[in-house]
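Visitor: Just passing along the structure, written as structure tokens.
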Amino acid sequence: MRRNPSQFLSLAQLENLCKQLYETTDTTTRLQAEKALVEFTNSPDCLSKCQLLLERGSSSYSQLLAATCLTKLVSRTNNPLPLEQRIDIRNYVLNYLATRPKLATFVTQALIQLYARITKLGWFDCQKDDYVFRNAITDVTRFLQADTTHPLTKHRKIASSFRDSSLFDIFTLSCNLLKQASGKNLNLNDESQHGLLMQLLKLTHNCLNFDFIGTSTDESSDDLCTVQIPTSWRSAFLDSSTLQLFFDLYHSIPPSFSPLVLSCLVQIASVRRSLFNNAERAKFLSHLVDGVKRILENPQSLSDPNNYHEFCRLLARLKSNYQLGELVKVENYPEVIRLIANFTVTSLQHWEFAPNSVHYLLSLWQRLAASVPYVKATEPHMLETYTPEVTKAYITSRLESVHIILRDGLEDPLEDTGLVQQQLDQLSTIGRCEYEKTCALLVQLFDQSAQSYQELLQSASASPMDIAVQEGRLTWLVYIIGAVIGGRVSFASTDEQDAMDGELVCRVLQLMNLTDSRLAQAGNEKLELAMLSFFEQFRKIYIGDQVQKSSKLYRRLSEVLGLNDETMVLSVFIGKIITNLKYWGRCEPITSKTLQLLNDLSIGYSSVRKLVKLSAVQFMLNNHTSEHFSFLGINNQSNLTDMRCRTTFYTALGRLLMVDLGEDEDQYEQFMLPLTAAFEAVAQMFSTNSFNEQEAKRTLVGLVRDLRGIAFAFNAKTSFMMLFEWIYPSYMPILQRAIELWYHDPACTTPVLKLMAELVHNRSQRLQFDVSSPNGILLFRETSKMITMYGNRILTLGEVPKDQVYALKLKGISICFSMLKAALSGSYVNFGVFRLYGDDALDNALQTFIKLLLSIPHSDLLDYPKLSQSYYSLLEVLTQDHMNFIASLEPHVIMYILSSISEGLTALDTMVCTGCCSCLDHIVTYLFKQLSRSTKKRTTPLNQESDRFLHIMQQHPEMIQQMLSTVLNIIIFEDCRNQWSMSRPLLGLILLNEKYFSDLRNSIVNSQPPEKQQAMHLCFENLMEGIERNLLTKNRDRFTQNLSAFRREVNDSMKNSTYGVNSNDMMS
């Protein structure tokens, strides 16, 4: 037998490899060292060598290697370490840490992580009726006195038990130690005391930040605004000294620690409301507001950006967790709201300082302003005084920033459109409070800037810098005007406010006329994007079926600009859209936003009918060529993916065309002329042996993107049939040829495959062929041909780098899955005829699906959301309508599909999880039916596929049993969001595995505390009460009702239980 070379590595060699891994700058040496060390971690003597490294290793790097290797060993799920060995490692690590106080920090951290991992994974492990890994507090307290991938369900059970048995003690311990620390004069120049205080604050913050009820799947999300503190912790929060401790700490310790103290306060301020009764909450809020007031009165530490950021978060929590009616009753409210307003105004004026913190201040004022109509308290809220100050500070500070940013070459916040949009959404509510003042300010500032801008444009000696400043100011003003118009709430708006909106709209439209008249010479991209943002808000509020046409806004537009009704306003929109497409066709952001606006306008029932009557729209319908719209041209410099916006354009044109199209084939042919010419051009190129490949690719990609837009818009039978007869059979071979030639280039294949997927999608029942038409079958033949051709060729790519596998391979496969699903579930093809008449189209498509599926690792199926959604929705159709095909597959393929369903059951995406439940239900129902038939005495034997499928499932019962365990696990222990879907396969699983279910039930019952076992046993009895041994709909429905009651009863029973299920039980 050949020995692994790493078994012979001596300590000196290992130390040398660690040095090479962490210190060398030579990549080759480092990679070789890494490879050798990976082999070492998998070698049988790894455990003993790790101990030797810790004992005798001369460098910190070798100690780090030993700690990380041990962590991997104890985390192993297959072939785990025995309990005694893990206890030995735990004791050894604690002893090692206690006897070696001068270890490098990263080694200490790695060893603590090892200790934490052993504790967590062994939480339910017993030795002689003692939970051996639960004495963590005792172990760690000794240190403090001496010196100041399991399943998700199992992790949740461990976390819940840890929360109930230990977490409050840890929180109390950390608070007591913080009290001791605040009472002493700590020497923070001493590194150990400095570090101890820092770790103590982190520990307290982690206690408060604990995922108490198991809902936080993403630890990076900042704003879980409610902290679900357990009721048993009430005493700590009713005691005002807890809150006071953190405010005192903030004022007494150096600024470098303050952010952590404030982070703790943010969590404390977010404690769930139901922890207190009304009187207790008012008292708690009063202490909280007093603490905030004290910080605002002594703001020196807030000059530190981290402190400032955390304090802004704390302010935001004041309103996210408490009502305005409660805040106004606090004794010092008038003074506090004044201080907060001054702090906000000052912060906004210093726009360059900590820009990411502004979000929290604006969210506080947004929530305050939104609450004004609902506040019932008699005490004055004073927001009518302070909100306009905040609005003014935001607007004026943004305008003043423009000159400084241009002068000093700073980063322009307008570049970050996401951040700007977020702030504008907040301002839209704030600015609507005391709207008269907001409008007066905007009108005054806009008139000043617009007048200066006009004068500069007319002046021959104007400097480009001055023009740029005014354009920047106007950009901000246009964005802000759009935002405040978008903040209009119909039930709270008055005629006067609508008239004010009219004043603002008139000014923006006048500015647009001025800037559009200059586009031939020069244009400003940011200002144009602001205009589009304004138009989008204006459209949402004042254009459409629900808008009152008698609005005072239209009266003002009529007086100033002569726009008398919605049709005239729509003509302004279309004029702007055509101008943008003409002058900004090479600017992707403007083009795509302009086309999105056109698309949005084309959706409304009444607006689309008004649009069609406009001459400008008729011009677009008759002249959609690159001559008039440059973005439709084949620009050799542009990227193939930049043509995406063409689909949006043609979707809008398709909707506009459909309004008056009816059955007029001549009008349709006329509209399609440019696309017909493009198809003929590609066909001409393909017919010659040598052609310009780049030109052919660009023409084809542009064409199929256009066609997909039209196909998406044509959701009625008459119009879609015109498109179908135009493309089939004349042009389908061109699409097939493109896939054959360029299968390796996703920039070409993705649009073609997406077009095909759209053509086979029976949207709004548009694919209804006449009884004498074979077109449904012919369309499926083309689909099968494309899937087979693409699938067979893409599998010849060989090994694809991990970072490119989605773009080059999985994306195309995902679209093929969606295409096949759409065709199979479209109800326009009778799939039984294929085999009957010896047509292999269906078999080819299904076999290609299997080949493609087997080329994808399980992990990828769930790692890429679009792939998982298309795969599981296709599998749902196959298990529902083509179970005989599934049953005929090879055993390893069936096991692959079943394990993919098993993994999908625990997916975070509810759609995937629900799809898996449905697939499992179809499979289990099929199995149950076949088993029932095989036990009956009947003359017709089971067909070969069913017989073989039954045989495979009987040989591998563990797969179905595991899924039964998983589903039950989710229903009992997790936040099950799709209980109905979970209930459907569960009955079949139980009926197929009655003995296993009985053992599983006993295991769960026995894992409960003795006093709760009877109740749990009764829950299971009630679950199966009245359930018969069949899968008829009536029986299933009864089971689903029983399951709802079962889940409620089990949750009630387990709420007070600190026990979990033993780690070696059947649920693990």
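In the structure tokens, chains take the letters A, B, ... in the order shown, each chain's residues start at 1, and ligands count up from 1 in the order shown.
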Taking the DSSP assignment computed from this structure's backbone, write out as JSON, numbers by chain all residues of range 38-264 of chain A that belong to helix (DSSP H, G or I).
Guide: {"A": [38, 39, 40, 41, 46, 47, 48, 49, 50, 51, 52, 53, 54, 55, 56, 60, 61, 62, 63, 64, 65, 66, 67, 68, 69, 70, 71, 72, 73, 74, 75, 83, 84, 85, 86, 87, 88, 89, 90, 91, 92, 93, 94, 95, 96, 97, 98, 99, 105, 106, 107, 108, 109, 110, 111, 112, 113, 114, 115, 116, 117, 118, 119, 120, 121, 136, 137, 138, 139, 140, 141, 142, 143, 144, 145, 146, 152, 153, 154, 155, 156, 157, 158, 159, 160, 161, 162, 163, 164, 165, 166, 167, 168, 169, 170, 171, 172, 173, 174, 175, 176, 177, 178, 179, 180, 181, 182, 183, 191, 192, 193, 194, 195, 196, 197, 198, 199, 200, 201, 202, 203, 204, 205, 206, 207, 208, 231, 232, 233, 234, 235, 236, 237, 238, 240, 241, 242, 243, 244, 245, 246, 247, 248, 249, 250, 251, 252, 258, 259, 260, 261, 262, 263, 264]}
Visitor: Between CA of Phe780 in chain A and CA of Lys809 in chain A, what is the distance, to one decimal in Å?
Guide: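 One can read the CA of Phe780 in chain A to CA of Lys809 in chain A distance as 23.1 Å.
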Visitor: If you count only C-alpha atoms, which residues fall within 8 Å of Ile813 in chain A, apart from same-chain ones fewer than 4 positions away, as a ChimeraX atom specification?
Guide: /A:791,809,817,852,867
Visitor: If you count only C-alpha atoms, which residues fall within 10 Å of range 887-902 of chain A, apart from same-chain ones fewer than 6 positions away, as a ChimeraX atom specification?
Guide: /A:847,850-851,853-854,857-859,861-862,868,871-872,875,879,912-913,915-920,923,926-927,944-953,956,959-960,962-964,966-967
Visitor: Got a sec: who's within 10 Å of Gly662 in chain A, counting only C-alpha atoms, leaving out chain neighbours fewer than 4 positions off, as a list in words?
Guide: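 Close residues of Gly662 in chain A: Leu657, Met658, Gln667, Tyr668, Ala716, Thr718 and Ser719 of chain A.
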Visitor: For the residues selected in the previous step, produce a file with N, CA, C and O atoms as a PDB file, in the first residue's frame.
Guide:
ATOM      1  N   LEU A 657     -48.704  48.958 -30.455  1.00  0.00           N
ATOM      2  CA  LEU A 657     -49.183  48.428 -31.731  1.00  0.00           C
ATOM      3  C   LEU A 657     -50.481  47.637 -31.545  1.00  0.00           C
ATOM      4  O   LEU A 657     -51.404  47.725 -32.356  1.00  0.00           O
ATOM      5  N   MET A 658     -50.551  46.876 -30.452  1.00  0.00           N
ATOM      6  CA  MET A 658     -51.702  45.992 -30.221  1.00  0.00           C
ATOM      7  C   MET A 658     -53.014  46.734 -30.017  1.00  0.00           C
ATOM      8  O   MET A 658     -54.080  46.172 -30.229  1.00  0.00           O
ATOM      9  N   GLN A 667     -50.951  45.753 -41.503  1.00  0.00           N
ATOM     10  CA  GLN A 667     -50.323  46.687 -40.548  1.00  0.00           C
ATOM     11  C   GLN A 667     -49.190  45.979 -39.805  1.00  0.00           C
ATOM     12  O   GLN A 667     -48.122  46.548 -39.582  1.00  0.00           O
ATOM     13  N   TYR A 668     -49.434  44.703 -39.447  1.00  0.00           N
ATOM     14  CA  TYR A 668     -48.403  43.925 -38.752  1.00  0.00           C
ATOM     15  C   TYR A 668     -47.170  43.751 -39.640  1.00  0.00           C
ATOM     16  O   TYR A 668     -46.042  43.961 -39.207  1.00  0.00           O
ATOM     17  N   ALA A 716     -52.157  38.246 -26.649  1.00  0.00           N
ATOM     18  CA  ALA A 716     -53.488  37.839 -27.126  1.00  0.00           C
ATOM     19  C   ALA A 716     -53.304  36.862 -28.283  1.00  0.00           C
ATOM     20  O   ALA A 716     -52.304  36.922 -29.005  1.00  0.00           O
ATOM     21  N   THR A 718     -54.743  36.412 -31.319  1.00  0.00           N
ATOM     22  CA  THR A 718     -54.662  36.859 -32.724  1.00  0.00           C
ATOM     23  C   THR A 718     -53.302  37.467 -33.043  1.00  0.00           C
ATOM     24  O   THR A 718     -52.669  37.099 -34.042  1.00  0.00           O
ATOM     25  N   SER A 719     -52.832  38.359 -32.173  1.00  0.00           N
ATOM     26  CA  SER A 719     -51.539  39.013 -32.464  1.00  0.00           C
ATOM     27  C   SER A 719     -50.384  38.014 -32.365  1.00  0.00           C
ATOM     28  O   SER A 719     -49.460  38.029 -33.183  1.00  0.00           O
TER      29      SER A 719
END
Visitor: Can you tell me how far CA of Leu675 in chain A sits from CA of Lys754 in chain A, in Å to one decimal?
Guide: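 Taking CA of Leu675 in chain A as the start and CA of Lys754 in chain A as the end point, the length is 17.5 Å.
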Visitor: Which is closest to Arg90 in chain A among A:Tyr61, A:Phe834, A:Phe162, A:Phe133, if we use only C-alpha atoms?
Guide: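 Checking each of A:Tyr61, A:Phe834, A:Phe162, A:Phe133 against Arg90 in chain A, counting only C-alpha atoms, the winner is A:Phe133.
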Visitor: To one decimal place in Å, what is the distance between CA of Lys202 in chain A and CA of Ile158 in chain A?
Guide: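 Computing the Euclidean distance for CA of Lys202 in chain A and CA of Ile158 in chain A yields 21.6 Å.
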Visitor: Can you tell me which residues surround Thr119 in chain A at a distance of at most 12 Å, considering only C-alpha atoms, apart from same-chain residues fewer than 6 positions away, and format the answer as a list in words?
Guide: Thr71, Val74, Ser75, Leu83, Arg86, Ile87, Ile89, Arg90, Asn91, Val93, Leu94, Ile112, Gln113, Asp125, Tyr131, Val132, Phe133, Arg134, Asn135, Ala136, Ile137, Asp139, His155, Ile158, Ala159 and Phe162 of chain A
Visitor: Applying 10 Å and only C-alpha atoms, which residues near Asn356 in chain A remain after dropping the ones on its own chain fewer than 5 positions away? List them as a list in words.
Guide: His309, Trp351 and Leu419 of chain A
Visitor: Go ahead and write the residues just picked, N, CA, C and O atoms, as a tab-separated table (two decimals), in the first residue's frame.
Guide:
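Listing of part18.tsv after writing:
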chain	number	residue	atom	x	y	z
A	309	HIS	N	-21.77	57.64	14.11
A	309	HIS	CA	-22.60	56.69	13.35
A	309	HIS	C	-23.52	55.91	14.29
A	309	HIS	O	-24.72	55.79	14.05
A	351	TRP	N	-22.02	67.95	5.30
A	351	TRP	CA	-22.37	66.80	4.46
A	351	TRP	C	-21.19	65.88	4.17
A	351	TRP	O	-21.35	64.70	3.87
A	419	LEU	N	-27.84	55.55	-3.29
A	419	LEU	CA	-27.85	56.33	-2.04
A	419	LEU	C	-28.74	57.57	-2.18
A	419	LEU	O	-29.54	57.89	-1.29
Visitor: Please run DSSP on the backbone and report, as a PyMOL selection string, all residues within range 32-226 of chain A that come out as strand (DSSP E or B).
Guide: chain A and resi 126-127+130-131
Visitor: Of the residues A:Gln228, A:Gln765, A:Ser602, A:Gln880, which is the one nearest to Asn209 in chain A, using only C-alpha atoms?
Guide: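 Of the candidates, the smallest distance to Asn209 in chain A is held by A:Gln228.
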Visitor: Measuring atom to atom with only C-alpha atoms, identify which of A:Gln109, A:Ser825, A:Thr625, A:Ser232 is nearest to His882 in chain A.
Guide: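 Of all the options, A:Ser825 lies closest to His882 in chain A.
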